[in-house]
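Take a look at the structure below.
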Amino acid sequence: MAPPTGKTNPFDDDEEGAGNVNTSFRVNSSNPFDSQADESYDVSINPASEETYEDMNSDLPVEASWQYLGDLPYRRIPIYSDIRWNKDDEDDFGLASYSASFKQQQRSSLLDAQDVQALLSTSSVTKVSGCPNGGPIATITLPVLGDSMKSAQLRIITNAGQHLASIDLPPRQLAKKYSAADIMSIGFTDRTVLIILFRDSLCLTYDLRGEPILPAFHILPKGEGRGTELVHCSIFEGGVAVLSPKMQCAIVELLDENDDPSYANAAHLGSRRISPSLNNTVASRASGEMFGGTDSQPLNYAIVTPLPTSAFCQEHLYSFVSIAVLPRIHTTSRHPEVFLSTSDNSVVVVNAATTDITDVDCRARIKSPIVAMSFAPNGRFLACFTQSSILTVISTSFETKVLDFDTSEGSQNPPSDMKWCGEDSVVLHWKKLGILMVGPYGDWLRFPFENTENVWIVPEIDCCRVVTDNSIEILQRVPPATAALLRMGSIEPSAMLLDASDAFDSGSPSSDEAARAITKTGMLLEAIETCMDAATREYNIDMQKRLLRAASYGMHFSYKDPNRSTIMGGSTLANENNDFMPSNPAIKFTATARKLRILNALRDPRIGSVMTTLQYDHITPTGVIARLVAINRPALACSISKYLNLSNDVQLYARCAKAAALISSDKFKSDAETAEVAIKIINDGKDGAMNNGGYASVALAAGKAGRPGVANLLLMLESSVADKVPALISTGSFADAMAVATSAKDAEFIFFTLMEYEKFCMSSSPDANVAQNTFLGTVINKFTPEGFHTLRRYLETMPDIKNLMNLLLRAQKSVEAGAAMSKKAFEPENETPEKLKFLAEASRIYSLGKDTGFQKQCTDEHMDLLKDQEVLRKKYGTEEVAPIGSSLTTTVVSIIRHAAVNKRESHKLLGDVDKLAKKFRMPEKRVWHIKVKAFAESGQWPQLRKLGDSKAKPPIGFKPFAMAAIQGKQSDPEIMRYIDRVTISEERYDLFCEAKLWKRALEEAGKLRDTRRVANVRSSCNSADIGQLADDMLNRLSTMNI
């Protein structure tokens, strides 16, 4: 069929003016579902009964297998046929899987096997999702009625039907609350994370091995462990978005260590972060760091952002009908955008970062509400299916409407699935009607799939996978290079080169002439590269070889011509070392051959990865290695990483995965023999010192496989602390992990080991007290002192002091235990009874020690002081007499000060001061100093005089009295009252100077015959008379000295 010409493909990024096509197309002339329609549009190749793509008659031109969608050729490529998806089940239900009890419920003695299968299919629904870029398939069969099936098993299988993992749903811890009917949707992200969404917004995440990644969480939580019921959801490349009946919307972005931390930090303020559980962090830390992870953020985490769509709906008086998400790589804000179709024929767009809502107002272009939306892989176009059965394709900016296509003649119901086939067509699937492919101008192709009951579509960036009950096929636009090369009658240089190569292989002498003709056109290099590109896009190995032979023939033919030898490489005399320098085409030829070998190995049924060359380039060889390890194909991963000479870290990652698989499968050899083989695989003949993290990674796997002996032998060789500590913890060697962390002086790992061991103890014993005693005993007796002190400092920050006391008492550290209890007593929130309770316990703890008598006595005395303070407060009815928290000295001062206020009871108050001083054996001098200072500060000068007169010679002398009077700015007679009773001349001089009694100070200096003191008086006073007297005295003293 010759392709139409003269049209511009509005989906094509390479065409000029692609964004300016404003013409609307609608096909009404023929019914695409009508069996009498033009046969050229009806493709009905059955891979199970017809020739496969690789086995087609080589006499037929390749173009005979193509079907044209307008001017675009498409091909339907069977990859795997006659697949038995349930190899362990004697009944063949395709991708559906039923438990024995459920099948027994549906069986009846009056029904044959075919009727039973029909009954099972009507009472259940099978959900299928494919991992992007040719990855595995996840499938689960759910009941139509909630009570008919309590649980279901989700299976992860390769495209060839090989079983990878199984997940029982709902999980055991959720089985009482959920049933299989509560599962709403399943799907993969572009980072191979499997999302399982329940109808109450509960979200589960798993990897390709069926291991949980994040703890279960509700996207729209209600509180008390409940979530909000959902009506729509959209699982996209970066996470999932949900919509509730009340028009509440939220988006979940699944991130990992490869994302910039600033991206998560820039999330909306209303968002929340879901972090992995501690067990998952430990298990993946070593391998994550070795394969490019960092300590700055978890290996996997999620950002949940609620969107203000409910209020927006109430304001504009409409509801939302469907939901889709445009990934952040296609948005200008570099954050996902949620598209919500409205009940009034429009679409609103919500930015996940700012939560800004924009109504694009496309009501004039769309005549009925949109019930389904799907974005093109390049993010430039949006396919919309409306309630009136119109397929509309419009640009994501809603400026350009490309297509209107009416499907109402075939079905009034919306399709069960609508996806893109690459970037050039939309594919729609209706139950029992097959797949309809619609092109940019309303051209269509129908694929009825009559010999299979169920069909599922898996979109890819350059094609789509079609999964049936027994086969896997690819629908793909024929690559332009391949179309130009293999089209019948093509005169492209590449086609001429292919014909010349075929002629050469058949021994025809015309091959040389044909090759020379291409050479004369100057397009030989272009022909060679086209053949190589076409080879990478072929699935038929014979065709791959044929195209590569053509490229090789062109390269060798060019080498005959010295003027064009650069296609093969430079001259052997290119430099003085006689090195032969390969050219870019030669390098590309080698790379092409390597890529084809890898792609063919991946497509092998034992691997089952349906990956195209574009998908291979998209995820990179490193991503291919990661996927092979994830699906437990480490041997091939190891071979490919070595074959491509990838970075040392990637090769080590693959070798470690291979060693881990060996340990898990080899149960009969001794630990030493198994460890020796594993070490050889890890080292691969290289220096073991270059394998930091490798031994620990394999040791983790050995611990999980129940081989702790092997794990310990491997860990003896590990030199990376960051990898060794988590591995030792995983094997239960907590004391060794603590020793390693201590030797590295890493406080984080010391604390990490403590917390992991405590969790281990708590999970090992049903009695919490026994578990706590085991934990503390091991920390004290087996862990390093640094571990003990780290735990002590951590427990000191806890509000409950019980665990800290247990730790310190078991370690026989009575001083620290009593001090901690006493510190607890004086926390601000504690009242006096609580303080006394804690201090009594502290006194008891001090009594347990041999050298803690002093601490016990101090504690007991302070308890007595607290009791006496309480008595004083009750006696005088105020807290001022004995402030809460005051010391003995402060209490005495407060009592004396209160005597100045309560003069009627001052005698009693001063008597209580003497009682306290006597009870607590306060030194006499200290008591006198306190009284003098307190009387002076409170203005009780009569009491101060009375105190001074109470003894002829006070124990502190009269200088403090005089200083108190001076500082209290008393009269000179009052000051002289005390100075005159001071017997030491030097003190009298100082007091006179302090009181600014300069004449008396000068007289006292003269008695001392101290010229320095006389000069000080002269310089300090402002009196001329005193200055003259000082000069005279200085002269007399000078004469006396002579």
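Within each chain, counting starts at residue 1; across the structure tokens, chains are named A, B, ... in the order shown, with ligands numbered 1 upward in that order.
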
**OP:** Find the residues around Tyr539 (chain A) up to 12 Å (only C-alpha atoms counted), leave out those fewer than 5 positions away in its own chain, and share them as number ranges by chain.
**Re:** A: 52-55, 75-80, 473-474, 476, 478, 534, 544-545, 547, 596-597, 599-604, 610-613

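Once Ala739 (chain A) and its same-chain neighbours fewer than 6 positions away are set aside, Val721, Lys724, Val725, Leu728, Ile729, Ser733, Lys745, Asp746, Ala747, Phe749, Ile750, Thr753, Leu754, Val779, Lys782, Phe783, Thr784, Pro785, Glu786, Gly787 and Phe788 of chain A remain within 12 Å of it when counting only C-alpha atoms.
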
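The smallest atom-to-atom distance between Trp420 (chain A) and any of A:Phe381, A:Tyr301, A:Trp444, A:Tyr695, using only C-alpha atoms, is found for A:Phe381.
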
Subject >> Which residue of A:Pro726, A:Gly135, A:Pro245, A:Pro261 approaches Ala696 (chain A) most closely, using only C-alpha atoms >> reply: A:Pro726

Subject >> For Arg191 (chain A), the nearest of the candidates A:Ser938, A:Thr778, A:Asn258, A:Ser234, counting only C-alpha atoms >> reply: A:Asn258

Subject >> All residues 9 Å or closer to Leu916 (chain A), only C-alpha atoms, same chain fewer than 5 positions away omitted, as a PyMOL selection string >> reply: chain A and resi 865+868+888+892+911+921-922

Original post:
What does the distance from CA of Pro621 (chain A) to CA of Ser639 (chain A) come to in Å, to one decimal?
Top reply: 12.1 Å

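The interatomic distance for the pair CA of Ile219 (chain A) and CA of Thr305 (chain A) works out to 8.6 Å.
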
Original post:
What's the 9 Å shell around Ala165 (chain A), counting only C-alpha atoms, without same-chain residues fewer than 6 positions away, as a count of residues only?
Top reply: 9

Original post:
Which of these residues is nearest to Arg365 (chain A), using only C-alpha atoms: A:Ser333, A:Trp430, A:Phe398, A:Asp256?
Top reply: A:Phe398

**OP:** Would you list the contacts of Ala678 (chain A) as an MDAnalysis selection string, taking every protein, DNA or RNA residue within 8 Å and counting only C-alpha atoms, but skipping same-chain residues closer than 5 positions in sequence?
**Re:** chainID A and resid 659:660 662:663

With a distance cut-off of 7 Å and only C-alpha atoms, select the neighbouring residues of Val349 (chain A), excluding the residue or stretch itself and same-chain residues fewer than 6 positions from it, and output the selection as a PDB file with C-alpha atoms, in the first residue's frame.
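Produced file around.pdb, reproduced below:
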ATOM      1  CA  GLU A 337       0.891  19.494  36.737  1.00  0.00           C
ATOM      2  CA  VAL A 338      -2.439  17.809  37.480  1.00  0.00           C
ATOM      3  CA  PHE A 339      -5.050  18.061  34.713  1.00  0.00           C
ATOM      4  CA  LEU A 340      -8.673  17.716  35.835  1.00  0.00           C
ATOM      5  CA  ILE A 357      -5.237  26.438  39.675  1.00  0.00           C
ATOM      6  CA  THR A 358      -5.811  27.583  36.093  1.00  0.00           C
ATOM      7  CA  ASP A 359      -8.949  26.983  34.031  1.00  0.00           C
TER       8      ASP A 359
END

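Among the candidates A:Leu119, A:Ile83, A:Ala882, A:Ala1005, the one nearest to Met1033 (chain A) when counting only C-alpha atoms is A:Ala1005.
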
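When CA of Pro306 (chain A) is paired with CA of Asp417 (chain A), their separation reads 27.1 Å.
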
**OP:** Name the residues of region 197-280 of chain A that fall into strand (DSSP E or B) according to DSSP on the backbone, using the chain letters and numbers of this document, as a PyMOL selection string.
**Re:** chain A and resi 197-198+202-206+212+217-218+221-223+226-227+232-236+239-243+249-256+272-274

**OP:** Could you give me, as a PyMOL selection string, the residues within 10 Å of Ala1030 (chain A), counting only C-alpha atoms and dropping anything in the same chain fewer than 6 positions from it?
**Re:** chain A and resi 998-999+1002-1003+1005-1006+1011+1013-1019+1024+1036

Would you put the residues from that selection into a file with N, CA and C atoms, as a tab-separated table (two decimals), in the first residue's frame?
chain	number	residue	atom	x	y	z
A	998	TRP	N	37.64	63.07	104.58
A	998	TRP	CA	39.06	63.23	104.21
A	998	TRP	C	39.92	63.72	105.36
A	999	LYS	N	39.38	64.58	106.20
A	999	LYS	CA	40.19	65.09	107.32
A	999	LYS	C	40.55	63.98	108.28
A	1002	LEU	N	43.05	61.83	106.70
A	1002	LEU	CA	44.39	62.40	106.73
A	1002	LEU	C	45.03	62.22	108.10
A	1003	GLU	N	44.22	62.36	109.13
A	1003	GLU	CA	44.74	62.15	110.48
A	1003	GLU	C	45.17	60.70	110.67
A	1005	ALA	N	46.16	58.67	108.33
A	1005	ALA	CA	47.37	58.45	107.54
A	1005	ALA	C	48.59	59.02	108.26
A	1006	GLY	N	48.36	60.17	108.94
A	1006	GLY	CA	49.48	60.74	109.70
A	1006	GLY	C	49.90	59.84	110.83
A	1011	THR	N	53.25	58.27	103.77
A	1011	THR	CA	53.19	59.37	102.80
A	1011	THR	C	52.31	59.01	101.60
A	1013	ARG	N	49.56	57.22	101.59
A	1013	ARG	CA	48.16	57.44	101.95
A	1013	ARG	C	47.85	58.94	102.03
A	1014	VAL	N	48.81	59.74	102.56
A	1014	VAL	CA	48.60	61.18	102.64
A	1014	VAL	C	48.45	61.75	101.21
A	1015	ALA	N	49.33	61.33	100.32
A	1015	ALA	CA	49.24	61.81	98.94
A	1015	ALA	C	47.92	61.39	98.29
A	1016	ASN	N	47.42	60.20	98.62
A	1016	ASN	CA	46.14	59.74	98.08
A	1016	ASN	C	45.00	60.63	98.55
A	1017	VAL	N	45.04	61.03	99.84
A	1017	VAL	CA	44.00	61.92	100.33
A	1017	VAL	C	44.06	63.25	99.61
A	1018	ARG	N	45.31	63.77	99.42
A	1018	ARG	CA	45.47	65.07	98.77
A	1018	ARG	C	44.91	65.03	97.35
A	1019	SER	N	45.16	63.92	96.61
A	1019	SER	CA	44.71	63.84	95.22
A	1019	SER	C	43.23	63.52	95.09
A	1024	ALA	N	40.61	72.66	99.30
A	1024	ALA	CA	41.93	73.31	99.35
A	1024	ALA	C	42.53	73.25	100.74
A	1036	ARG	N	56.29	67.48	106.99
A	1036	ARG	CA	56.73	67.01	108.30
A	1036	ARG	C	57.25	65.59	108.23

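Minimum atom-to-atom distance to Lys431 (chain A), evaluated using only C-alpha atoms, belongs to A:Val455 out of A:Asn691, A:Glu829, A:Val455, A:Leu445.
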
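Taking only region 312-456 of chain A, the residues that DSSP calls alpha helix (DSSP H) from the backbone come to Phe312, Cys313, Gln314, Glu315 and His316 of chain A.
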
Output of the above residues as a compact mmCIF listing (two decimals), in the first residue's frame, restricted to N, CA, C and O atoms:
# COMPACT_ATOMS: atom_id res chain seq x y z
N PHE A 312 -12.14 25.16 45.00
CA PHE A 312 -12.24 25.70 43.65
C PHE A 312 -13.53 25.23 42.98
O PHE A 312 -14.22 26.01 42.29
N CYS A 313 -13.88 23.95 43.18
CA CYS A 313 -15.13 23.42 42.60
C CYS A 313 -16.35 24.11 43.20
O CYS A 313 -17.30 24.46 42.49
N GLN A 314 -16.35 24.29 44.51
CA GLN A 314 -17.47 24.94 45.16
C GLN A 314 -17.64 26.38 44.67
O GLN A 314 -18.75 26.88 44.51
N GLU A 315 -16.52 27.03 44.43
CA GLU A 315 -16.58 28.42 43.98
C GLU A 315 -17.14 28.53 42.57
O GLU A 315 -17.87 29.46 42.26
N HIS A 316 -16.78 27.56 41.70
CA HIS A 316 -17.18 27.65 40.29
C HIS A 316 -18.38 26.75 39.96
O HIS A 316 -18.76 26.65 38.78
